[in-house]
file final_25.txt (compact mmCIF, C-alpha atoms and all ligand atoms)
# COMPACT_ATOMS: atom_id res chain seq x y z
CA MET A 1 147.56 334.16 199.21
CA GLU A 2 143.81 333.90 199.66
CA PHE A 3 141.58 330.93 200.36
CA LYS A 4 137.88 330.50 201.03
CA PHE A 5 136.09 327.57 202.64
CA GLY A 6 132.40 326.90 203.26
CA ILE A 7 131.03 325.86 206.67
CA GLU A 8 127.72 323.99 207.09
CA GLY A 9 125.62 324.74 210.16
CA GLY A 10 124.66 321.63 212.11
CA ASN A 11 127.03 319.29 210.26
CA PHE A 12 129.37 318.00 212.97
CA SER A 13 130.92 315.34 210.78
CA LYS A 14 132.42 318.07 208.57
CA ALA A 15 133.24 320.49 211.41
CA GLY A 16 136.94 321.27 211.38
CA SER A 17 137.58 320.52 207.71
CA ALA A 18 138.21 324.19 206.88
CA SER A 19 140.60 324.62 209.82
CA SER A 20 142.33 321.41 208.82
CA GLU A 21 142.98 322.77 205.30
CA VAL A 22 144.47 325.94 206.79
CA LYS A 23 146.71 323.84 209.03
CA LYS A 24 148.06 321.99 205.97
CA ILE A 25 148.78 325.28 204.21
CA LEU A 26 150.59 326.77 207.23
CA LYS A 27 152.67 323.60 207.60
CA GLN A 28 153.68 323.78 203.95
CA LEU A 29 154.73 327.39 204.50
CA ASN A 30 156.95 326.22 207.37
CA VAL A 31 155.30 328.49 209.92
CA ASN A 32 156.47 327.98 213.53
CA PRO A 33 154.46 325.03 214.99
CA LYS A 34 153.47 327.03 218.11
CA ILE A 35 151.95 329.74 215.91
CA ILE A 36 150.24 327.11 213.77
CA LYS A 37 148.68 325.58 216.85
CA ARG A 38 147.46 328.93 218.24
CA THR A 39 146.01 329.82 214.86
CA VAL A 40 144.26 326.56 214.04
CA VAL A 41 142.84 326.18 217.55
CA SER A 42 141.30 329.67 217.15
CA LEU A 43 139.96 328.85 213.69
CA TYR A 44 138.55 325.53 214.83
CA GLU A 45 136.75 327.15 217.77
CA ALA A 46 135.22 329.71 215.40
CA GLU A 47 134.36 327.02 212.83
CA VAL A 48 132.69 324.82 215.46
CA ASN A 49 130.72 327.87 216.63
CA VAL A 50 129.26 328.26 213.14
CA VAL A 51 128.38 324.55 213.06
CA ALA A 52 126.94 324.62 216.59
CA HIS A 53 125.15 327.96 216.65
CA ALA A 54 124.54 329.23 213.08
CA PHE A 55 123.01 328.08 209.77
CA GLU A 56 125.86 328.48 207.31
CA GLY A 57 129.04 330.40 206.93
CA ASN A 58 132.43 330.68 205.38
CA MET A 59 136.05 331.13 206.31
CA ASN A 60 138.18 333.63 204.36
CA VAL A 61 141.91 333.28 204.81
CA GLU A 62 144.57 335.79 203.76
CA ILE A 63 148.21 334.95 204.30
CA ASP A 64 151.10 337.31 203.70
CA PRO A 65 154.68 337.00 204.93
CA GLU A 66 153.94 338.85 208.19
CA LYS A 67 150.53 337.63 209.20
CA ILE A 68 147.48 335.50 208.70
CA VAL A 69 144.08 337.21 208.71
CA VAL A 70 140.99 335.02 208.88
CA LYS A 71 137.37 336.13 208.74
CA ILE A 72 134.70 333.65 209.74
CA GLU A 73 131.27 334.96 208.80
CA ASP A 74 127.92 333.28 209.22
CA LYS A 75 124.23 333.64 208.66
CA GLY A 76 122.52 332.76 211.89
CA PRO A 77 120.83 333.98 215.06
CA GLY A 78 123.67 336.37 215.94
CA ILE A 79 124.86 337.16 219.47
CA PRO A 80 122.71 339.62 221.47
CA ASP A 81 125.37 340.44 224.10
CA ILE A 82 128.97 339.92 222.96
CA ASN A 83 130.48 340.81 226.36
CA GLN A 84 128.41 338.09 227.96
CA ALA A 85 129.30 335.58 225.22
CA MET A 86 133.01 336.31 225.79
CA GLN A 87 132.75 335.22 229.46
CA GLU A 88 134.18 331.77 230.26
CA GLY A 89 131.33 329.39 230.96
CA TYR A 90 128.58 331.27 229.13
CA SER A 91 126.91 328.97 226.63
CA THR A 92 123.56 328.55 224.95
CA ALA A 93 124.61 325.24 223.34
CA THR A 94 121.86 322.66 222.82
CA PRO A 95 122.02 319.16 224.36
CA GLN A 96 122.97 317.82 220.88
CA VAL A 97 125.99 320.14 220.77
CA ARG A 98 127.02 319.03 224.28
CA GLU A 99 126.81 315.40 223.19
CA MET A 100 129.37 316.18 220.52
CA GLY A 101 131.81 317.31 223.23
CA PHE A 102 131.24 321.07 223.01
CA GLY A 103 129.21 323.72 224.77
CA ALA A 104 131.32 324.60 227.80
CA GLY A 105 131.38 328.30 226.94
CA MET A 106 135.15 328.22 226.50
CA GLY A 107 135.46 328.81 222.75
CA LEU A 108 135.37 332.59 222.38
CA PRO A 109 137.72 333.23 225.36
CA ASN A 110 140.02 330.56 223.94
CA ILE A 111 140.11 332.36 220.58
CA LYS A 112 141.06 335.54 222.39
CA ARG A 113 143.88 333.73 224.22
CA ASN A 114 145.23 332.14 221.06
CA SER A 115 145.14 335.11 218.72
CA ASP A 116 147.12 338.35 218.50
CA GLN A 117 143.97 340.23 217.54
CA MET A 118 140.35 339.17 217.65
CA ASN A 119 137.45 341.27 216.39
CA ILE A 120 133.89 340.11 216.72
CA SER A 121 130.69 341.73 215.58
CA SER A 122 127.18 340.38 215.33
CA THR A 123 123.67 341.36 214.35
CA VAL A 124 120.76 339.51 215.94
CA ASP A 125 118.81 337.42 213.39
CA VAL A 126 121.37 338.20 210.69
CA GLY A 127 124.74 336.70 211.62
CA THR A 128 128.16 336.92 213.23
CA GLN A 129 131.63 337.87 212.00
CA VAL A 130 134.81 336.88 213.79
CA GLU A 131 138.19 338.17 212.59
CA ILE A 132 141.36 336.50 213.84
CA ILE A 133 144.82 337.95 213.15
CA ASN A 134 148.05 336.17 214.05
CA TYR A 135 151.54 337.40 213.24
CA LEU A 136 153.79 334.76 211.78
CA SER A 137 157.05 335.70 213.45
CA MET B 1 158.23 309.76 230.38
CA VAL B 2 156.11 306.69 229.68
CA LYS B 3 156.37 304.54 226.57
CA VAL B 4 153.08 304.24 224.71
CA ALA B 5 153.71 300.47 224.55
CA ASP B 6 153.73 300.44 228.38
CA VAL B 7 150.37 302.22 228.43
CA VAL B 8 149.02 299.49 226.16
CA ASP B 9 150.47 296.72 228.38
CA LYS B 10 149.33 298.24 231.64
CA LEU B 11 145.73 298.63 230.47
CA ASN B 12 145.56 295.50 228.37
CA ALA B 13 144.52 297.81 225.57
CA ARG B 14 143.99 297.32 221.83
CA VAL B 15 145.99 299.35 219.35
CA ILE B 16 143.66 300.52 216.56
CA CYS B 17 146.18 302.41 214.46
CA GLY B 18 149.66 303.85 214.67
CA GLU B 19 151.44 300.65 215.85
CA CYS B 20 154.71 302.00 214.50
CA ASP B 21 154.73 304.79 217.10
CA LEU B 22 154.39 302.57 220.17
CA ASN B 23 158.04 303.17 221.07
CA GLN B 24 157.44 306.89 221.45
CA GLU B 25 157.02 308.39 224.89
CA VAL B 26 154.39 310.61 226.48
CA GLN B 27 154.95 312.71 229.55
CA PHE B 28 151.48 314.03 230.44
CA GLY B 29 147.93 312.74 230.52
CA PHE B 30 144.75 314.77 230.18
CA ALA B 31 141.38 313.09 230.72
CA SER B 32 138.17 314.65 229.44
CA ASP B 33 135.06 313.95 227.43
CA LEU B 34 134.77 317.66 226.72
CA MET B 35 136.64 318.83 223.64
CA SER B 36 136.09 322.46 224.74
CA ASP B 37 138.48 321.70 227.63
CA VAL B 38 141.00 319.81 225.52
CA LEU B 39 141.30 322.84 223.22
CA THR B 40 142.48 325.01 226.13
CA ILE B 41 145.50 322.77 226.88
CA ASP B 42 148.85 323.81 225.44
CA THR B 43 151.04 321.00 226.74
CA GLU B 44 153.21 318.95 224.39
CA ASN B 45 153.81 315.22 224.73
CA LEU B 46 150.29 314.54 225.80
CA LEU B 47 148.14 311.42 225.94
CA LEU B 48 144.44 312.29 225.65
CA ILE B 49 142.24 309.94 227.68
CA THR B 50 138.60 310.19 226.65
CA GLY B 51 135.28 308.41 226.39
CA LEU B 52 134.08 310.62 223.56
CA ASN B 53 134.22 308.62 220.36
CA ASN B 54 133.28 310.86 217.48
CA LEU B 55 135.09 312.58 214.65
CA GLN B 56 135.51 315.77 216.67
CA THR B 57 137.76 313.88 219.12
CA ILE B 58 140.15 313.34 216.21
CA ARG B 59 139.70 316.86 214.80
CA THR B 60 140.34 318.42 218.21
CA SER B 61 143.51 316.36 218.57
CA GLU B 62 144.61 317.33 215.08
CA MET B 63 144.30 321.03 215.92
CA SER B 64 145.93 320.57 219.33
CA ASP B 65 148.88 318.52 218.02
CA ILE B 66 147.88 315.54 220.15
CA SER B 67 149.23 312.33 218.62
CA PHE B 68 148.10 309.73 221.16
CA ILE B 69 144.48 309.05 222.16
CA LEU B 70 143.27 306.42 224.61
CA PHE B 71 139.54 305.59 224.48
CA VAL B 72 138.16 304.27 227.76
CA ARG B 73 134.85 302.56 228.77
CA ASP B 74 135.11 300.29 225.73
CA LYS B 75 134.23 303.13 223.36
CA LYS B 76 134.88 301.97 219.82
CA VAL B 77 136.71 303.92 217.17
CA SER B 78 134.68 304.18 213.94
CA GLU B 79 136.14 303.57 210.49
CA GLU B 80 135.88 307.31 209.71
CA MET B 81 137.73 308.23 212.91
CA LYS B 82 140.43 305.68 212.15
CA GLN B 83 140.90 307.06 208.65
CA LEU B 84 141.22 310.67 209.82
CA ALA B 85 143.61 309.59 212.59
CA CYS B 86 145.79 307.70 210.09
CA GLU B 87 145.95 310.74 207.80
CA ASN B 88 147.27 312.69 210.78
CA GLU B 89 149.65 309.96 211.93
CA MET B 90 147.96 309.48 215.28
CA THR B 91 148.00 306.42 217.50
CA LEU B 92 144.57 305.30 218.76
CA ILE B 93 144.13 302.76 221.54
CA GLU B 94 141.00 301.35 223.17
CA CYS B 95 140.53 299.83 226.60
CA GLY B 96 137.62 298.52 228.65
CA HIS B 97 138.44 300.32 231.90
CA SER B 98 136.57 303.27 233.35
CA MET B 99 138.21 306.64 232.99
CA PHE B 100 139.08 306.67 236.70
CA ARG B 101 140.68 303.23 236.69
CA ALA B 102 142.65 303.99 233.52
CA CYS B 103 143.94 307.29 234.95
CA SER B 104 144.88 305.71 238.24
CA ALA B 105 146.83 302.93 236.50
CA LEU B 106 148.63 305.42 234.25
CA ASN B 107 149.48 307.58 237.26
CA ASP B 108 151.08 304.47 238.81
CA ILE B 109 153.43 304.04 235.86
CA GLY B 110 154.49 307.69 235.93
CA LEU B 111 152.23 309.64 233.57
CA LYS B 112 151.98 313.22 234.88
CA PRO B 113 148.92 315.48 235.18
CA VAL B 114 148.88 318.70 233.14
CA TYR B 115 147.82 320.75 236.19
N1 LIG A 201 128.66 332.10 215.38
C1 LIG A 201 127.79 332.24 216.39
N2 LIG A 201 126.47 332.49 216.15
C2 LIG A 201 125.59 332.64 217.16
N3 LIG A 201 125.92 332.58 218.45
C3 LIG A 201 127.21 332.33 218.76
C4 LIG A 201 128.20 332.16 217.76
N4 LIG A 201 129.39 331.96 218.36
C5 LIG A 201 129.15 332.00 219.69
N5 LIG A 201 127.83 332.23 219.94
C6 LIG A 201 127.18 332.40 221.26
O1 LIG A 201 128.18 332.67 222.22
C7 LIG A 201 128.18 331.63 223.24
C8 LIG A 201 129.59 331.39 223.73
O2 LIG A 201 130.40 330.86 222.66
P1 LIG A 201 131.67 329.97 223.03
O3 LIG A 201 132.31 329.52 221.79
O4 LIG A 201 132.50 330.72 224.02
O5 LIG A 201 131.02 328.74 223.83
P2 LIG A 201 130.19 327.50 223.26
O6 LIG A 201 130.33 327.43 221.78
O7 LIG A 201 128.81 327.58 223.82
O8 LIG A 201 130.96 326.28 223.96
P3 LIG A 201 132.45 325.77 223.61
O9 LIG A 201 133.04 326.72 222.63
O10 LIG A 201 133.17 325.72 224.92
O11 LIG A 201 132.28 324.41 223.04
C9 LIG A 201 127.52 330.45 222.55
O12 LIG A 201 126.97 329.53 223.46
C10 LIG A 201 126.45 331.14 221.71
O13 LIG A 201 125.37 331.55 222.52
MG MG A 202 132.27 327.49 220.93
call {"tool": "encode", "arguments": {"input": "final_25.txt", "output": "structure tokens"}}
result
Amino acid sequence: MEFKFGIEGGNFSKAGSASSEVKKILKQLNVNPKIIKRTVVSLYEAEVNVVAHAFEGNMNVEIDPEKIVVKIEDKGPGIPDINQAMQEGYSTATPQVREMGFGAGMGLPNIKRNSDQMNISSTVDVGTQVEIINYLS
Amino acid sequence: MVKVADVVDKLNARVICGECDLNQEVQFGFASDLMSDVLTIDTENLLLITGLNNLQTIRTSEMSDISFILFVRDKKVSEEMKQLACENEMTLIECGHSMFRACSALNDIGLKPVY
């Protein structure tokens, strides 16, 4: 199965709607609730990152009986130093993002913790791609 | 374990939605205005205590399987938040206490910290 959702940069009232759709699908497929939670927390962190830090993006979801593979790609400023961005506490979030309850620099490390595989690549002034793979059993 | 109805009584709180789940019990409390922190918690049976009243509070709880949210400092739940919470079968309650007072009172009736 394949699904694709759009993500709008800057639009916090819609942030999480893509991850929410994926959660509904995984529930319908009767995936183990612990795996659902790990997966949707990862997706939501990545989705909020697009909203908070980039201009626009999308979420591509592929589900087969063994695994779920999700690619979140955006057009945006990109990440100059991925190792630094992966450190807990590192954040360039604006005051507006912090007012929304984000910007602690916990998102990327939390994706790593909640996924079986995480791949991230980024080009400055072009955009960022995050791939999240979780096995379903 | 603490009955959600006892949380409501103890804090003189208002139930905004999810009245039918007041007989359920919660074991742990986690207090934060920072959703980044909430997303790192993997405890079940949790009451989220927060002063952040926007849609992302509900979204974060949806992703984290949190079904009970207490808003402190008289923060009001918006119509949009209420709707999203109802769709996800969450119970929302509001109280006028500060975060510290609410946590202290809930500690007294046996709600446990996550760490
Ligand atoms: N999609 C993205 N585009 C551009 N920069 C990003 C993107 N995702 C992350 N970053 C950069 O990496 C930093 C760390 O990201 P991370 O998700 O860990 O923390 P945060 O988003 O700042 O705060 P939190 O996730 O705790 O709310 C961000 O502050 C930002 O500088
Ligand atoms: Mg983030």
call {"tool": "residues_around", "arguments": {"input": "final_25.txt", "residues": "B:Thr91", "least_positions_apart": "2", "cutoff": "9 Å", "atoms": "all atoms listed in the file", "output": "PDB file with C-alpha atoms, keeping the file's coordinate frame"}}
result
ATOM      1  CA  VAL B  15     145.990 299.350 219.350  1.00  0.00           C
ATOM      2  CA  ILE B  16     143.660 300.520 216.560  1.00  0.00           C
ATOM      3  CA  CYS B  17     146.180 302.410 214.460  1.00  0.00           C
ATOM      4  CA  GLY B  18     149.660 303.850 214.670  1.00  0.00           C
ATOM      5  CA  GLU B  19     151.440 300.650 215.850  1.00  0.00           C
ATOM      6  CA  CYS B  20     154.710 302.000 214.500  1.00  0.00           C
ATOM      7  CA  ASP B  21     154.730 304.790 217.100  1.00  0.00           C
ATOM      8  CA  LEU B  22     154.390 302.570 220.170  1.00  0.00           C
ATOM      9  CA  SER B  67     149.230 312.330 218.620  1.00  0.00           C
ATOM     10  CA  PHE B  68     148.100 309.730 221.160  1.00  0.00           C
ATOM     11  CA  ILE B  69     144.480 309.050 222.160  1.00  0.00           C
ATOM     12  CA  LEU B  70     143.270 306.420 224.610  1.00  0.00           C
ATOM     13  CA  ALA B  85     143.610 309.590 212.590  1.00  0.00           C
ATOM     14  CA  CYS B  86     145.790 307.700 210.090  1.00  0.00           C
ATOM     15  CA  GLU B  89     149.650 309.960 211.930  1.00  0.00           C
ATOM     16  CA  ILE B  93     144.130 302.760 221.540  1.00  0.00           C
TER      17      ILE B  93
END
call {"tool": "residues_near_ligand", "arguments": {"input": "final_25.txt", "ligand": "ligand LIG 201 (chain A)", "cutoff": "6 Å", "atoms": "all atoms listed in the file", "output": "JSON, numbers by chain"}}
result
{"A": [49, 50, 53, 54, 76, 77, 78, 79, 85, 86, 90, 91, 92, 93, 102, 103, 104, 105, 106, 107, 108, 109, 128], "B": [36]}
call {"tool": "interface_residues", "arguments": {"input": "final_25.txt", "of": "chain A", "to": "chain B", "cutoff": "6 Å", "atoms": "all atoms listed in the file", "output": "list in words"}}
result
Val40, Val41, Gly101 and Phe102 of chain A
call {"tool": "atom_distance", "arguments": {"input": "final_25.txt", "atom1": "atom CA of A:Arg98", "atom2": "atom CA of A:Gly16"}}
result
16.4 Å
call {"tool": "atom_distance", "arguments": {"input": "final_25.txt", "atom1": "atom CA of A:Ala46", "atom2": "atom CA of A:Lys34"}}
result
18.6 Å
call {"tool": "atom_distance", "arguments": {"input": "final_25.txt", "atom1": "atom CA of A:Ile132", "atom2": "atom CA of A:Thr39"}}
result
8.2 Å
call {"tool": "residues_near_point", "arguments": {"input": "final_25.txt", "point": "(144.6, 320.8, 204.7)", "cutoff": "12 Å", "atoms": "all atoms listed in the file", "output": "PyMOL selection string"}}
result
(chain A and resi 3+5+16-28+40) or (chain B and resi 59+62-63+84+87-88)
call {"tool": "residues_around", "arguments": {"input": "final_25.txt", "residues": "B:Arg73", "least_positions_apart": "5", "cutoff": "6 Å", "atoms": "only C-alpha atoms", "output": "short mmCIF file (atom, residue, chain, number, x, y, z; two decimals) with C-alpha atoms, keeping the file's coordinate frame"}}
result
data_model
loop_
_atom_site.label_atom_id
_atom_site.label_comp_id
_atom_site.auth_asym_id
_atom_site.auth_seq_id
_atom_site.Cartn_x
_atom_site.Cartn_y
_atom_site.Cartn_z
CA GLY B 96 137.62 298.52 228.65
CA HIS B 97 138.44 300.32 231.90
CA SER B 98 136.57 303.27 233.35
#
call {"tool": "closest_residue", "arguments": {"input": "final_25.txt", "among": "A:Leu43, A:Ala15, A:Ile72, A:Leu29", "to": "A:Gln129", "atoms": "all atoms listed in the file"}}
result
A:Ile72
call {"tool": "closest_residue", "arguments": {"input": "final_25.txt", "among": "A:Asp125, A:Asp74, A:Arg113, A:Glu88", "to": "A:Ala52", "atoms": "only C-alpha atoms"}}
result
A:Asp74
call {"tool": "residues_near_point", "arguments": {"input": "final_25.txt", "point": "(120.1, 323.1, 212.5)", "cutoff": "7 Å", "atoms": "only C-alpha atoms", "output": "PyMOL selection string"}}
result
chain A and resi 9-10+55
call {"tool": "write_last_selection", "arguments": {"input": "final_25.txt", "atoms": "C-alpha atoms", "output": "compact mmCIF listing (two decimals), keeping the file's coordinate frame"}}
result
# COMPACT_ATOMS: atom_id res chain seq x y z
CA GLY A 9 125.62 324.74 210.16
CA GLY A 10 124.66 321.63 212.11
CA PHE A 55 123.01 328.08 209.77
call {"tool": "closest_residue", "arguments": {"input": "final_25.txt", "among": "A:Glu73, A:Glu99, A:Asp81, A:Glu45", "to": "ligand MG 202 (chain A)", "atoms": "only C-alpha atoms and all ligand atoms"}}
result
A:Glu45
call {"tool": "residues_around", "arguments": {"input": "final_25.txt", "residues": "A:Ser42", "least_positions_apart": "4", "cutoff": "7 Å", "atoms": "only C-alpha atoms", "output": "number ranges by chain"}}
result
A: 38, 46, 110-111, 114-115
call {"tool": "decode", "arguments": {"input": "final_25.txt", "residues": "stretch 86-101 of chain B", "atoms": "N, CA, C and O atoms", "output": "PDB file, in the first residue's frame"}}
result
ATOM      1  N   CYS B  86     -12.569  14.979  20.907  1.00  0.00           N
ATOM      2  CA  CYS B  86     -13.735  14.080  20.856  1.00  0.00           C
ATOM      3  C   CYS B  86     -13.514  12.984  19.820  1.00  0.00           C
ATOM      4  O   CYS B  86     -13.791  11.815  20.085  1.00  0.00           O
ATOM      5  N   GLU B  87     -13.012  13.378  18.641  1.00  0.00           N
ATOM      6  CA  GLU B  87     -12.733  12.388  17.594  1.00  0.00           C
ATOM      7  C   GLU B  87     -11.811  11.291  18.111  1.00  0.00           C
ATOM      8  O   GLU B  87     -11.873  10.158  17.673  1.00  0.00           O
ATOM      9  N   ASN B  88     -10.912  11.664  19.021  1.00  0.00           N
ATOM     10  CA  ASN B  88      -9.931  10.708  19.533  1.00  0.00           C
ATOM     11  C   ASN B  88     -10.309  10.145  20.902  1.00  0.00           C
ATOM     12  O   ASN B  88      -9.474   9.552  21.588  1.00  0.00           O
ATOM     13  N   GLU B  89     -11.562  10.388  21.299  1.00  0.00           N
ATOM     14  CA  GLU B  89     -12.095   9.859  22.556  1.00  0.00           C
ATOM     15  C   GLU B  89     -11.239  10.216  23.760  1.00  0.00           C
ATOM     16  O   GLU B  89     -10.920   9.382  24.607  1.00  0.00           O
ATOM     17  N   MET B  90     -10.856  11.491  23.815  1.00  0.00           N
ATOM     18  CA  MET B  90     -10.071  11.958  24.960  1.00  0.00           C
ATOM     19  C   MET B  90     -10.978  12.663  25.960  1.00  0.00           C
ATOM     20  O   MET B  90     -12.029  13.165  25.602  1.00  0.00           O
ATOM     21  N   THR B  91     -10.504  12.715  27.203  1.00  0.00           N
ATOM     22  CA  THR B  91     -11.190  13.475  28.240  1.00  0.00           C
ATOM     23  C   THR B  91     -10.371  14.734  28.523  1.00  0.00           C
ATOM     24  O   THR B  91      -9.171  14.642  28.796  1.00  0.00           O
ATOM     25  N   LEU B  92     -11.013  15.904  28.407  1.00  0.00           N
ATOM     26  CA  LEU B  92     -10.329  17.173  28.681  1.00  0.00           C
ATOM     27  C   LEU B  92     -10.939  17.800  29.922  1.00  0.00           C
ATOM     28  O   LEU B  92     -12.166  17.882  30.039  1.00  0.00           O
ATOM     29  N   ILE B  93     -10.079  18.239  30.859  1.00  0.00           N
ATOM     30  CA  ILE B  93     -10.584  18.956  32.018  1.00  0.00           C
ATOM     31  C   ILE B  93      -9.785  20.238  32.226  1.00  0.00           C
ATOM     32  O   ILE B  93      -8.612  20.321  31.883  1.00  0.00           O
ATOM     33  N   GLU B  94     -10.467  21.257  32.762  1.00  0.00           N
ATOM     34  CA  GLU B  94      -9.831  22.559  32.997  1.00  0.00           C
ATOM     35  C   GLU B  94      -9.907  22.895  34.477  1.00  0.00           C
ATOM     36  O   GLU B  94     -10.928  22.635  35.109  1.00  0.00           O
ATOM     37  N   CYS B  95      -8.838  23.503  34.999  1.00  0.00           N
ATOM     38  CA  CYS B  95      -8.928  24.012  36.369  1.00  0.00           C
ATOM     39  C   CYS B  95      -8.198  25.343  36.488  1.00  0.00           C
ATOM     40  O   CYS B  95      -7.401  25.701  35.627  1.00  0.00           O
ATOM     41  N   GLY B  96      -8.481  26.060  37.555  1.00  0.00           N
ATOM     42  CA  GLY B  96      -7.924  27.407  37.714  1.00  0.00           C
ATOM     43  C   GLY B  96      -6.624  27.434  38.496  1.00  0.00           C
ATOM     44  O   GLY B  96      -6.018  28.493  38.668  1.00  0.00           O
ATOM     45  N   HIS B  97      -6.157  26.278  38.969  1.00  0.00           N
ATOM     46  CA  HIS B  97      -4.942  26.264  39.787  1.00  0.00           C
ATOM     47  C   HIS B  97      -3.681  26.450  38.961  1.00  0.00           C
ATOM     48  O   HIS B  97      -3.672  26.203  37.757  1.00  0.00           O
ATOM     49  N   SER B  98      -2.612  26.832  39.626  1.00  0.00           N
ATOM     50  CA  SER B  98      -1.298  26.855  38.966  1.00  0.00           C
ATOM     51  C   SER B  98      -0.864  25.406  38.743  1.00  0.00           C
ATOM     52  O   SER B  98      -1.401  24.479  39.368  1.00  0.00           O
ATOM     53  N   MET B  99       0.093  25.247  37.876  1.00  0.00           N
ATOM     54  CA  MET B  99       0.615  23.904  37.607  1.00  0.00           C
ATOM     55  C   MET B  99       1.126  23.272  38.905  1.00  0.00           C
ATOM     56  O   MET B  99       0.860  22.103  39.189  1.00  0.00           O
ATOM     57  N   PHE B 100       1.858  24.063  39.701  1.00  0.00           N
ATOM     58  CA  PHE B 100       2.473  23.524  40.920  1.00  0.00           C
ATOM     59  C   PHE B 100       1.403  23.065  41.917  1.00  0.00           C
ATOM     60  O   PHE B 100       1.481  21.978  42.487  1.00  0.00           O
ATOM     61  N   ARG B 101       0.388  23.907  42.100  1.00  0.00           N
ATOM     62  CA  ARG B 101      -0.660  23.550  43.058  1.00  0.00           C
ATOM     63  C   ARG B 101      -1.418  22.291  42.582  1.00  0.00           C
ATOM     64  O   ARG B 101      -1.699  21.389  43.376  1.00  0.00           O
TER      65      ARG B 101
END
